[in-house]
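J.: mmCIF, C-alpha atoms and all ligand atoms, saved as data_20.cif, coming up:
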```
data_data
loop_
_atom_site.label_atom_id
_atom_site.label_comp_id
_atom_site.auth_asym_id
_atom_site.auth_seq_id
_atom_site.Cartn_x
_atom_site.Cartn_y
_atom_site.Cartn_z
CA MET A 1 83.24 52.26 -33.49
CA GLY A 2 83.95 51.81 -37.20
CA ALA A 3 81.86 49.55 -39.43
CA ARG A 4 84.73 47.14 -39.60
CA SER A 5 85.17 46.63 -35.90
CA ARG A 6 81.40 46.42 -35.52
CA LEU A 7 81.34 43.55 -38.02
CA ARG A 8 84.21 41.96 -36.13
CA GLY A 9 82.31 42.27 -32.90
CA ALA A 10 79.21 40.71 -34.44
CA LEU A 11 81.26 37.82 -35.84
CA ASP A 12 82.90 37.25 -32.46
CA ARG A 13 79.53 37.15 -30.73
CA LEU A 14 78.34 34.64 -33.33
CA GLU A 15 81.34 32.35 -32.84
CA PRO A 16 80.42 29.28 -30.79
CA PRO A 17 82.82 27.89 -28.17
CA PRO A 18 85.61 25.69 -29.64
CA ARG A 19 84.03 22.37 -28.80
CA ALA A 20 80.72 23.54 -30.23
CA VAL A 21 82.47 24.58 -33.46
CA ASP A 22 83.92 21.08 -33.78
CA TRP A 23 80.65 19.30 -33.11
CA SER A 24 78.78 21.69 -35.37
CA LEU A 25 81.17 20.97 -38.20
CA PHE A 26 80.48 17.27 -37.75
CA ALA A 27 76.72 17.83 -37.62
CA PHE A 28 76.74 20.22 -40.60
CA VAL A 29 78.75 17.79 -42.73
CA ALA A 30 76.39 14.95 -41.83
CA ALA A 31 73.41 17.16 -42.67
CA GLU A 32 75.03 18.12 -45.99
CA VAL A 33 75.52 14.49 -46.97
CA LEU A 34 71.93 13.74 -46.00
CA THR A 35 70.34 16.72 -47.76
CA GLY A 36 72.60 16.18 -50.77
CA LEU A 37 71.64 12.54 -51.18
CA VAL A 38 67.94 13.11 -50.56
CA SER A 39 67.97 15.99 -53.06
CA PHE A 40 68.87 13.44 -55.74
CA THR A 41 65.38 12.01 -55.44
CA VAL A 42 63.64 15.38 -55.75
CA GLY A 43 62.47 16.50 -59.18
CA VAL A 44 59.49 18.76 -58.45
CA PRO A 45 59.93 22.51 -57.82
CA ASP A 46 58.09 22.20 -54.48
CA GLY A 47 61.22 20.49 -53.21
CA TRP A 48 63.27 23.71 -53.45
CA PRO A 49 63.67 24.22 -49.65
CA LEU A 50 65.84 21.11 -49.46
CA PHE A 51 68.28 22.56 -52.01
CA TRP A 52 68.34 25.91 -50.19
CA LEU A 53 69.01 24.18 -46.90
CA HIS A 54 71.92 22.35 -48.52
CA ARG A 55 73.36 25.65 -49.76
CA ALA A 56 72.82 27.49 -46.45
CA LEU A 57 74.50 24.68 -44.53
CA GLY A 58 77.39 24.87 -46.99
CA VAL A 59 77.95 28.57 -46.31
CA GLY A 60 77.62 27.77 -42.60
CA ILE A 61 80.47 25.27 -42.97
CA VAL A 62 82.63 28.02 -44.51
CA ALA A 63 82.13 30.15 -41.37
CA LEU A 64 82.64 27.25 -38.95
CA LEU A 65 85.75 26.14 -40.81
CA ALA A 66 87.16 29.67 -40.73
CA TRP A 67 86.69 29.84 -36.95
CA LYS A 68 88.20 26.41 -36.56
CA LEU A 69 91.24 27.15 -38.74
CA ALA A 70 91.88 30.43 -36.95
CA ARG A 71 92.09 28.40 -33.74
CA VAL A 72 94.17 25.40 -34.87
CA ARG A 73 96.31 27.09 -37.52
CA ARG A 74 99.56 26.63 -35.62
CA ARG A 75 99.01 22.91 -35.26
CA LEU A 76 99.20 22.72 -39.04
CA THR A 77 101.91 25.27 -39.79
CA ASP A 78 104.35 24.49 -36.96
CA PRO A 79 106.14 21.17 -37.68
CA SER A 80 107.10 20.76 -34.03
CA LEU A 81 103.38 20.37 -33.23
CA TRP A 82 102.74 17.67 -35.84
CA GLN A 83 101.32 14.40 -34.59
CA ARG A 84 100.35 11.12 -36.15
CA SER A 85 96.77 12.39 -36.50
CA THR A 86 97.86 15.55 -38.35
CA ALA A 87 97.90 13.72 -41.68
CA LEU A 88 94.26 12.73 -41.19
CA SER A 89 93.40 16.30 -40.21
CA VAL A 90 95.00 17.63 -43.39
CA LEU A 91 93.23 15.03 -45.52
CA THR A 92 89.92 16.00 -43.91
CA LEU A 93 90.64 19.65 -44.60
CA VAL A 94 91.45 18.91 -48.25
CA ALA A 95 88.16 17.03 -48.70
CA ALA A 96 86.24 19.86 -47.01
CA LEU A 97 87.88 22.52 -49.18
CA GLY A 98 87.34 20.35 -52.26
CA ALA A 99 83.64 19.97 -51.55
CA LEU A 100 83.22 23.68 -50.77
CA ALA A 101 85.23 24.90 -53.76
CA THR A 102 83.42 22.67 -56.26
CA GLY A 103 80.08 23.68 -54.76
CA VAL A 104 80.88 27.39 -54.97
CA VAL A 105 82.27 27.20 -58.50
CA TRP A 106 79.21 25.22 -59.56
CA VAL A 107 76.72 27.90 -58.55
CA PHE A 108 78.45 30.30 -60.93
CA GLY A 109 77.53 27.91 -63.72
CA VAL A 110 81.08 26.85 -64.54
CA ASP A 111 80.92 23.77 -66.73
CA VAL A 112 84.23 21.93 -66.78
CA ARG A 113 84.76 18.20 -66.72
CA LEU A 114 87.42 16.19 -64.96
CA SER A 115 87.78 13.26 -67.33
CA TYR A 116 84.12 12.32 -67.62
CA TRP A 117 82.99 13.65 -64.26
CA THR A 118 81.07 16.91 -64.11
CA LEU A 119 82.09 19.35 -61.40
CA LEU A 120 78.90 18.45 -59.52
CA SER A 121 79.85 14.77 -59.51
CA VAL A 122 83.29 15.71 -58.14
CA HIS A 123 81.49 17.74 -55.46
CA VAL A 124 79.49 14.65 -54.53
CA GLY A 125 82.68 12.59 -54.41
CA PHE A 126 84.38 15.04 -52.04
CA GLY A 127 81.25 15.18 -49.89
CA LEU A 128 80.93 11.41 -49.59
CA ALA A 129 84.64 11.13 -48.72
CA LEU A 130 84.34 13.93 -46.19
CA LEU A 131 81.83 12.25 -43.88
CA PRO A 132 83.99 9.26 -42.84
CA LEU A 133 87.06 11.53 -42.72
CA VAL A 134 85.34 13.97 -40.34
CA ALA A 135 84.14 11.03 -38.23
CA ALA A 136 87.65 9.54 -38.03
CA HIS A 137 89.14 12.98 -37.36
CA ALA A 138 86.65 13.57 -34.54
CA ALA A 139 87.50 10.17 -33.07
CA THR A 140 91.20 11.09 -32.78
CA ARG A 141 90.39 14.16 -30.70
CA PHE A 142 87.22 13.06 -29.04
CA ARG A 143 85.70 15.45 -26.52
CA LEU A 144 82.07 15.10 -25.54
CA PRO A 145 80.04 18.24 -26.07
CA ARG A 146 79.08 19.96 -22.81
CA ARG A 147 75.96 21.76 -21.79
CA VAL A 148 77.78 25.09 -21.57
CA ASP A 149 78.83 24.75 -25.22
CA PHE A 150 75.22 24.77 -26.28
CA GLU A 151 73.57 27.18 -23.88
CA ARG A 152 70.03 27.18 -25.13
CA ARG A 153 69.04 30.67 -26.15
CA ARG A 154 72.38 31.74 -27.52
CA THR A 155 72.73 28.51 -29.46
CA ALA A 156 69.33 28.91 -31.08
CA VAL A 157 70.11 32.50 -32.07
CA ARG A 158 73.57 31.61 -33.31
CA TYR A 159 72.52 28.81 -35.61
CA THR A 160 69.49 30.65 -36.89
CA VAL A 161 71.70 33.61 -37.82
CA LEU A 162 74.28 31.28 -39.37
CA LEU A 163 71.72 29.55 -41.61
CA ALA A 164 69.94 32.78 -42.47
CA ALA A 165 73.26 34.35 -43.43
CA GLY A 166 74.00 31.27 -45.52
CA ALA A 167 70.71 31.54 -47.39
CA ALA A 168 71.21 35.30 -47.83
CA THR A 169 74.69 34.70 -49.24
CA TYR A 170 73.26 32.27 -51.76
CA ARG A 171 70.52 34.72 -52.68
CA LEU A 172 73.15 37.41 -53.18
CA GLN A 173 75.16 35.07 -55.36
CA GLN A 174 72.08 34.49 -57.53
CA GLY A 175 71.79 38.25 -57.89
CA VAL A 176 75.38 38.32 -59.11
CA ASN A 177 74.57 35.56 -61.63
CA ASP A 178 71.63 37.56 -62.97
CA LEU A 179 73.56 40.80 -63.05
CA LEU A 180 76.61 39.42 -64.82
CA ASP A 181 74.45 37.02 -66.81
CA THR A 182 76.76 34.12 -65.92
CA ALA A 183 75.91 30.60 -67.03
CA GLY A 184 74.84 30.00 -63.43
CA ALA A 185 71.74 32.10 -64.04
CA ASP A 186 70.21 29.35 -66.21
CA ARG A 187 70.43 26.67 -63.59
CA ARG A 188 67.32 24.88 -62.44
CA PHE A 189 66.20 24.84 -58.79
CA THR A 190 68.09 21.54 -58.56
CA GLY A 191 71.29 23.32 -59.60
CA SER A 192 71.38 21.55 -62.98
CA GLN A 193 72.66 23.38 -66.07
CA PRO A 194 70.71 23.46 -69.34
CA ARG A 195 71.54 21.45 -72.44
CA GLU A 196 69.87 23.11 -75.42
CA GLY A 197 68.65 21.65 -78.69
CA ASP A 198 66.47 18.80 -79.90
CA GLY A 199 67.04 15.10 -80.38
CA ASN A 200 69.70 12.53 -79.60
CA GLY A 201 72.65 14.84 -80.11
CA ALA A 202 71.43 17.62 -77.83
CA PHE A 203 72.18 16.01 -74.48
CA PRO A 204 74.81 13.65 -73.10
CA VAL A 205 74.53 9.91 -72.79
CA THR A 206 74.73 9.24 -69.07
CA SER A 207 75.02 5.75 -67.72
CA TRP A 208 76.53 4.23 -64.63
CA VAL A 209 80.08 3.06 -65.02
CA ALA A 210 79.35 -0.54 -65.93
CA ASP A 211 75.92 -0.14 -67.48
CA ASP A 212 77.05 -0.35 -71.05
CA PRO A 213 75.12 -2.97 -73.04
CA ASP A 214 75.66 -3.90 -76.69
CA PRO A 215 73.16 -2.28 -79.05
CA ILE A 216 69.87 -4.17 -78.99
CA ASP A 217 68.87 -5.84 -82.24
CA ARG A 218 65.38 -4.56 -83.13
CA ASP A 219 64.24 -7.84 -84.67
CA GLY A 220 65.20 -9.89 -81.64
CA TYR A 221 63.89 -7.35 -79.12
CA ARG A 222 61.01 -8.33 -76.85
CA LEU A 223 59.31 -6.32 -74.14
CA ARG A 224 57.91 -8.66 -71.52
CA VAL A 225 54.83 -7.32 -69.70
CA GLU A 226 54.08 -9.49 -66.70
CA GLY A 227 53.44 -9.70 -62.98
CA LEU A 228 49.98 -8.98 -61.59
CA VAL A 229 48.26 -9.02 -64.99
CA SER A 230 45.85 -11.58 -66.37
CA ASP A 231 47.65 -12.18 -69.70
CA PRO A 232 51.42 -11.64 -69.64
CA VAL A 233 52.66 -10.79 -73.10
CA ASP A 234 55.85 -10.34 -75.14
CA LEU A 235 55.74 -7.28 -77.36
CA THR A 236 58.02 -6.71 -80.36
CA ALA A 237 59.67 -3.46 -81.42
CA ALA A 238 57.02 -3.16 -84.12
CA ASP A 239 54.29 -3.41 -81.46
CA LEU A 240 55.72 -0.27 -79.88
CA ALA A 241 54.38 2.14 -82.50
CA ALA A 242 54.68 5.61 -80.98
CA ASP A 243 51.29 7.28 -80.73
CA HIS A 244 52.01 9.90 -78.08
CA ASP A 245 54.23 12.96 -78.06
CA ARG A 246 55.11 14.57 -74.80
CA GLU A 247 57.43 17.35 -73.74
CA ALA A 248 59.31 16.33 -70.63
CA LEU A 249 62.34 17.50 -68.73
CA LEU A 250 65.19 15.11 -67.98
CA ASP A 251 67.29 16.28 -65.00
CA CYS A 252 70.41 14.23 -64.29
CA THR A 253 71.98 14.24 -60.84
CA SER A 254 75.36 14.82 -62.46
CA GLY A 255 74.12 18.36 -63.03
CA TRP A 256 72.46 18.94 -66.40
CA TYR A 257 68.91 19.04 -67.70
CA THR A 258 67.22 19.06 -71.06
CA VAL A 259 63.67 19.59 -72.30
CA GLN A 260 62.77 17.25 -75.15
CA GLU A 261 59.76 16.12 -77.14
CA TRP A 262 59.53 12.40 -76.42
CA GLY A 263 57.57 10.05 -78.70
CA GLY A 264 56.28 6.73 -77.45
CA ILE A 265 53.42 4.78 -75.94
CA ARG A 266 51.61 5.39 -72.69
CA VAL A 267 52.59 2.69 -70.21
CA GLY A 268 48.90 2.34 -69.32
CA ASP A 269 48.18 1.29 -72.93
CA LEU A 270 50.97 -1.29 -72.79
CA LEU A 271 49.53 -2.71 -69.58
CA ASP A 272 46.14 -2.99 -71.30
CA ALA A 273 47.79 -5.32 -73.81
CA ALA A 274 48.43 -7.69 -70.90
CA GLY A 275 44.78 -7.94 -69.88
CA GLU A 276 43.33 -7.09 -66.50
CA LEU A 277 45.25 -5.76 -63.53
CA ASP A 278 45.13 -7.71 -60.30
CA GLY A 279 43.46 -5.92 -57.36
CA ASP A 280 46.81 -5.83 -55.50
CA ALA A 281 48.61 -3.99 -58.31
CA ALA A 282 50.49 -1.08 -56.71
CA TYR A 283 53.75 -0.58 -58.63
CA VAL A 284 55.18 -1.11 -62.08
CA ARG A 285 58.82 -2.08 -62.20
CA PHE A 286 60.82 -1.25 -65.31
CA THR A 287 63.89 -3.40 -65.87
CA SER A 288 66.68 -2.78 -68.35
CA VAL A 289 68.47 -5.39 -70.40
CA THR A 290 71.39 -4.68 -68.02
CA GLY A 291 69.37 -5.46 -64.90
CA TYR A 292 69.13 -1.76 -63.94
CA ARG A 293 65.60 -1.16 -62.70
CA TRP A 294 63.19 1.31 -61.16
CA SER A 295 59.55 1.22 -60.18
CA LEU A 296 56.79 3.78 -60.09
CA PRO A 297 53.45 3.76 -58.26
CA ILE A 298 50.87 2.31 -60.63
CA GLU A 299 48.97 5.52 -61.35
CA GLU A 300 52.13 7.44 -62.11
CA ALA A 301 53.42 4.54 -64.19
CA GLU A 302 50.25 4.32 -66.28
CA ASP A 303 50.64 7.93 -67.24
CA ALA A 304 54.38 7.66 -67.96
CA LEU A 305 55.73 7.10 -71.45
CA LEU A 306 57.75 4.27 -72.85
CA ALA A 307 59.64 6.35 -75.39
CA THR A 308 61.02 5.16 -78.70
CA HIS A 309 61.70 8.64 -80.11
CA VAL A 310 63.23 11.92 -79.00
CA GLY A 311 62.98 15.23 -80.84
CA GLY A 312 61.36 13.42 -83.80
CA GLU A 313 64.27 10.99 -84.15
CA ARG A 314 64.32 7.33 -83.28
CA LEU A 315 66.20 6.93 -79.95
CA SER A 316 69.89 6.25 -80.40
CA HIS A 317 71.42 3.24 -78.67
CA GLY A 318 73.08 5.41 -76.02
CA HIS A 319 69.79 7.03 -75.09
CA GLY A 320 68.10 3.66 -74.59
CA ALA A 321 66.88 2.21 -77.93
CA PRO A 322 64.56 0.57 -78.65
CA ALA A 323 62.63 1.92 -75.63
CA ARG A 324 63.26 3.88 -72.45
CA LEU A 325 61.14 5.16 -69.64
CA VAL A 326 60.14 8.84 -69.59
CA ALA A 327 59.06 9.66 -66.05
CA PRO A 328 58.23 13.38 -65.80
CA ASP A 329 59.08 15.02 -62.45
CA ARG A 330 61.49 12.21 -61.62
CA ARG A 331 65.26 12.61 -61.66
CA GLY A 332 67.15 11.19 -64.64
CA PHE A 333 68.45 8.07 -62.93
CA GLN A 334 64.86 6.83 -62.69
CA TRP A 335 64.36 7.03 -66.47
CA VAL A 336 65.37 3.40 -67.16
CA LYS A 337 66.97 2.87 -70.59
CA TRP A 338 66.82 -0.29 -72.76
CA VAL A 339 63.64 -1.49 -71.03
CA THR A 340 62.97 -5.19 -71.67
CA ARG A 341 60.61 -5.96 -68.81
CA MET A 342 57.61 -4.28 -67.21
CA GLU A 343 56.30 -6.01 -64.16
CA VAL A 344 53.18 -5.14 -62.19
CA ARG A 345 53.85 -5.68 -58.50
CA SER A 346 52.10 -5.33 -55.19
CA GLU A 347 55.17 -4.23 -53.24
CA TYR A 348 57.73 -1.47 -53.26
CA ASP A 349 61.15 -2.59 -54.50
CA LEU A 350 63.81 -1.59 -51.96
CA GLY A 351 66.48 -3.53 -53.84
CA GLN A 352 66.34 -1.07 -56.75
CA TRP A 353 68.40 1.41 -54.71
CA VAL A 354 71.32 -1.01 -54.67
CA VAL A 355 70.79 -2.50 -58.11
CA THR A 356 70.88 0.85 -59.92
CA LEU A 357 74.33 1.45 -58.41
CA VAL A 358 75.88 -1.90 -59.23
CA SER A 359 74.01 -3.14 -62.32
CA GLY A 360 76.25 -4.00 -65.22
CA PHE A 361 79.02 -5.31 -62.97
CA ASP A 362 79.30 -9.05 -63.55
N1 LIG A 401 69.71 0.97 -67.93
C1 LIG A 401 70.12 2.21 -67.53
N2 LIG A 401 69.25 3.23 -67.56
C2 LIG A 401 69.64 4.47 -67.18
C3 LIG A 401 70.96 4.71 -66.74
C4 LIG A 401 71.86 3.62 -66.71
O1 LIG A 401 73.03 3.71 -66.33
N3 LIG A 401 71.40 2.38 -67.12
N4 LIG A 401 71.34 5.97 -66.35
C5 LIG A 401 70.27 6.84 -65.86
C6 LIG A 401 70.71 8.21 -65.66
S1 LIG A 401 71.72 8.51 -64.33
C7 LIG A 401 70.24 9.25 -66.41
S2 LIG A 401 70.56 10.85 -66.03
C8 LIG A 401 69.48 8.99 -67.64
C9 LIG A 401 70.26 9.60 -68.76
O2 LIG A 401 69.65 9.40 -69.98
P1 LIG A 401 70.46 9.69 -71.30
O3 LIG A 401 71.69 8.81 -71.28
O4 LIG A 401 69.52 9.39 -72.40
O5 LIG A 401 70.86 11.12 -71.26
O6 LIG A 401 69.29 7.60 -67.89
C10 LIG A 401 69.05 6.81 -66.76
N5 LIG A 401 68.74 5.48 -67.21
MO MO A 402 71.91 10.76 -64.14
#
```
Take the structure from the file and write it as structure tokens.
T.:
Amino acid sequence: MGARSRLRGALDRLEPPPRAVDWSLFAFVAAEVLTGLVSFTVGVPDGWPLFWLHRALGVGIVALLAWKLARVRRRLTDPSLWQRSTALSVLTLVAALGALATGVVWVFGVDVRLSYWTLLSVHVGFGLALLPLVAAHAATRFRLPRRVDFERRRTAVRYTVLLAAGAATYRLQQGVNDLLDTAGADRRFTGSQPREGDGNGAFPVTSWVADDPDPIDRDGYRLRVEGLVSDPVDLTAADLAADHDREALLDCTSGWYTVQEWGGIRVGDLLDAAGELDGDAAYVRFTSVTGYRWSLPIEEAEDALLATHVGGERLSHGHGAPARLVAPDRRGFQWVKWVTRMEVRSEYDLGQWVVTLVSGFD
């Protein structure tokens, strides 16, 4: 038996029964959306397995999709077999190929923009569109999975091999990056690409669509420190005299990161200006002039920086002047810009997850 037919044989043995392929595709896509979204909240290197799982599942989808297309090809290419649901099937396929292609191109470090979206943001868009499409597609051809489709031992072996092969493929790709010294080699464990240089001009201004306030007048600016403190206080821009410098890495979920020297004041020192903390103090919530907000557990918050400077320059308006949060080990979206309110709270703020998405819309 030649190497080629041996590989063929191995692939055939790996191929799940048709119904299992369909349900696996659904499950893999759901898992991709889940791991993708959760990965947005991970900023510490210990979180790397989540990103690897996302990549391995992605390669797994390539294999599952290949098996599926080999089976249903004629339903797409032969017009006499077209049905009402074929349009939905094609749309689902386009979204799947879009998500896969953008993901694959991204790992090579390609850095193109589609209007102002990075390729990674387009990837996220395809992925989010794919989930409801796959669900609707599955509903048009609904067949319950059967026991025989997922016979226990074979199934376990199959999916283990599939994921292991996925991870190995990604590892191999990284080897290619290193060998050819592609831009992909400089990516962080999160997949983000580097932005080099110091100061305001070295990295992009990234805000949600509608979060676009007018520049804040320094003289009129006040930072309100309130909540579970004994003496709430309004601080002026002049009160925020930077006395700390800290190197910290900003990693945006749209796929870039930058290391900068941030100048500012420790949040703990600002809280001291508002007197004593209440015994129930558990979180500090940072709110932007736009309403955008995020909170950090009190200990982490105290050690975070309210930055007024970056790379030795005063923060530009776009980067959050007069003051923005610098939260090391957190993803960029948590680094609230144009902070006008710091509030000590006893409870976690679930609403922030929605508010960060819609703030700025009137
Ligand atoms: N008020 C406010 N703060 C914000 C944002 C925003 O849209 N509004 N965008 C966040 C996101 S997604 C990132 S990545 C960082 C980007 O900071 P930069 O614009 O200085 O690069 O700011 C965060 N802080
Ligand atoms: Mo971001």
J.: All residues within 7 Å of ligand MO 402 (chain A) are required, counting all atoms listed in the file; please report them as a PyMOL selection string.
T.: chain A and resi 206-207+252-254+332-333
J.: Using all atoms listed in the file, which protein or nucleic acid residues are at most 10 Å from ligand LIG 401 (chain A), as a VMD selection string?
T.: chain A and resid 200 to 213 250 to 258 286 to 294 310 315 to 321 324 to 326 331 to 340 356 to 360
J.: Taking into account only C-alpha atoms, which residue in the set A:Leu57, A:Ala281, A:Ile216, A:Leu81 is nearest to A:Leu25?
T.: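 The closest residue to A:Leu25 is A:Leu57.
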J.: At what distance in Å, to one decimal, does atom CA of A:Gln174 lie from atom CA of A:Thr35?
T.: 20.4 Å
J.: Quick one: residues within 10 Å of A:Leu65, all atoms listed in the file, excluding same-chain residues fewer than 3 positions away - as a list in words?
T.: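 Listing them by chain and then by number gives Val21, Asp22, Ser24, Leu25, Val59, Gly60, Ile61, Val62, Lys68, Leu69, Ala70, Arg71, Leu93, Ala96 and Leu97 of chain A.
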J.: Report as a list in words all protein, DNA and RNA residues lying within 6 Å of stretch 178-188 of chain A, evaluated on only C-alpha atoms, omitting residues in the same chain fewer than 6 positions from it.
T.: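 Residues meeting the cut-off are Val107, Phe108 and Gly109 of chain A.
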J.: My list of candidates is A:Leu37, A:Leu296, A:Ala56, A:Asp269. Which is closest to A:Leu162 when distances are computed with all atoms listed in the file?
T.: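 Closest to A:Leu162 of all the choices is A:Ala56.
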J.: Applying 7 Å and all atoms listed in the file, which residues near A:Gln260 remain after dropping the ones on its own chain fewer than 6 positions away? List them as a ChimeraX atom specification.
T.: /A:198,247-249,310-311
J.: Between A:Gln193, A:Asn177, A:Thr140, A:Thr41, which has the minimum distance to A:Thr86 (counting all atoms listed in the file)?
T.: A:Thr140
J.: Pick the closest to A:Leu34 from A:Leu228, A:Leu50, A:Val267, A:Met342: which is it, counting all atoms listed in the file?
T.: A:Leu50
J.: So how many Å separate atom CA of A:Thr308 and atom CA of A:Pro322, to one decimal?
T.: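 Atom-to-atom, atom CA of A:Thr308 to atom CA of A:Pro322, that is 5.8 Å.
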J.: Compile the contact shell of A:Tyr348 as a list in words: residues with an atom at most 12 Å away, counting only C-alpha atoms, same-chain residues fewer than 3 positions apart removed.
T.: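 The residues that qualify are Asp280, Ala281, Ala282, Tyr283, Val284, Arg285, Trp294, Ser295, Leu296, Pro297, Ile298, Glu343, Val344, Arg345, Gly351, Gln352 and Trp353 of chain A.
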J.: Could you check the closest approach to A:Ala307 for each of A:Leu277, A:Leu128, A:Leu240, A:Ala66 and tell me which residue wins, using only C-alpha atoms?
T.: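 For A:Ala307, the nearest of the candidates is A:Leu240.
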J.: Contacts of A:His309 at 8 Å or less, counting all atoms listed in the file, minus same-chain residues fewer than 5 places along, as a list in words?
T.: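 Using all atoms listed in the file, the neighbours found are Ala242, Trp262, Gly263, Gly264, Arg314 and Leu315 of chain A.
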J.: Assuming 6 Å of padding per side, give the centre and edge lengths of the axis-aligned box around every listed atom of stretch 168-182 of chain A, in Å to one decimal and as JSON.
T.:
```
{"center_x": 73.6, "center_y": 36.5, "center_z": -57.3, "size_x": 18.2, "size_y": 20.5, "size_z": 31.0}
```
J.: Take atom CA of A:Leu120 and atom CA of A:Phe51 and report the distance between them in Å, one decimal.
T.: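 Atom-to-atom, atom CA of A:Leu120 to atom CA of A:Phe51, that is 13.6 Å.
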J.: Here is a test: counting all atoms listed in the file, which residue of A:Phe361, A:Trp67, A:Tyr159, A:Phe26 is nearest to A:Ala135?
T.: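 Smallest distance to A:Ala135 is found for A:Phe26.
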J.: Which protein, DNA or RNA residues are at most 10 Å from (53.8, 17.6, -59.5) in the file's coordinates when you count all atoms listed in the file, listed as a VMD selection string?
T.: chain A and resid 43 to 46 328 to 330
J.: Those selected residues, please, written with C-alpha atoms and delivered as a CSV table (one decimal), in the frame of the given file.
T.:
```
chain,number,residue,atom,x,y,z
A,43,GLY,CA,62.5,16.5,-59.2
A,44,VAL,CA,59.5,18.8,-58.4
A,45,PRO,CA,59.9,22.5,-57.8
A,46,ASP,CA,58.1,22.2,-54.5
A,328,PRO,CA,58.2,13.4,-65.8
A,329,ASP,CA,59.1,15.0,-62.4
A,330,ARG,CA,61.5,12.2,-61.6
```
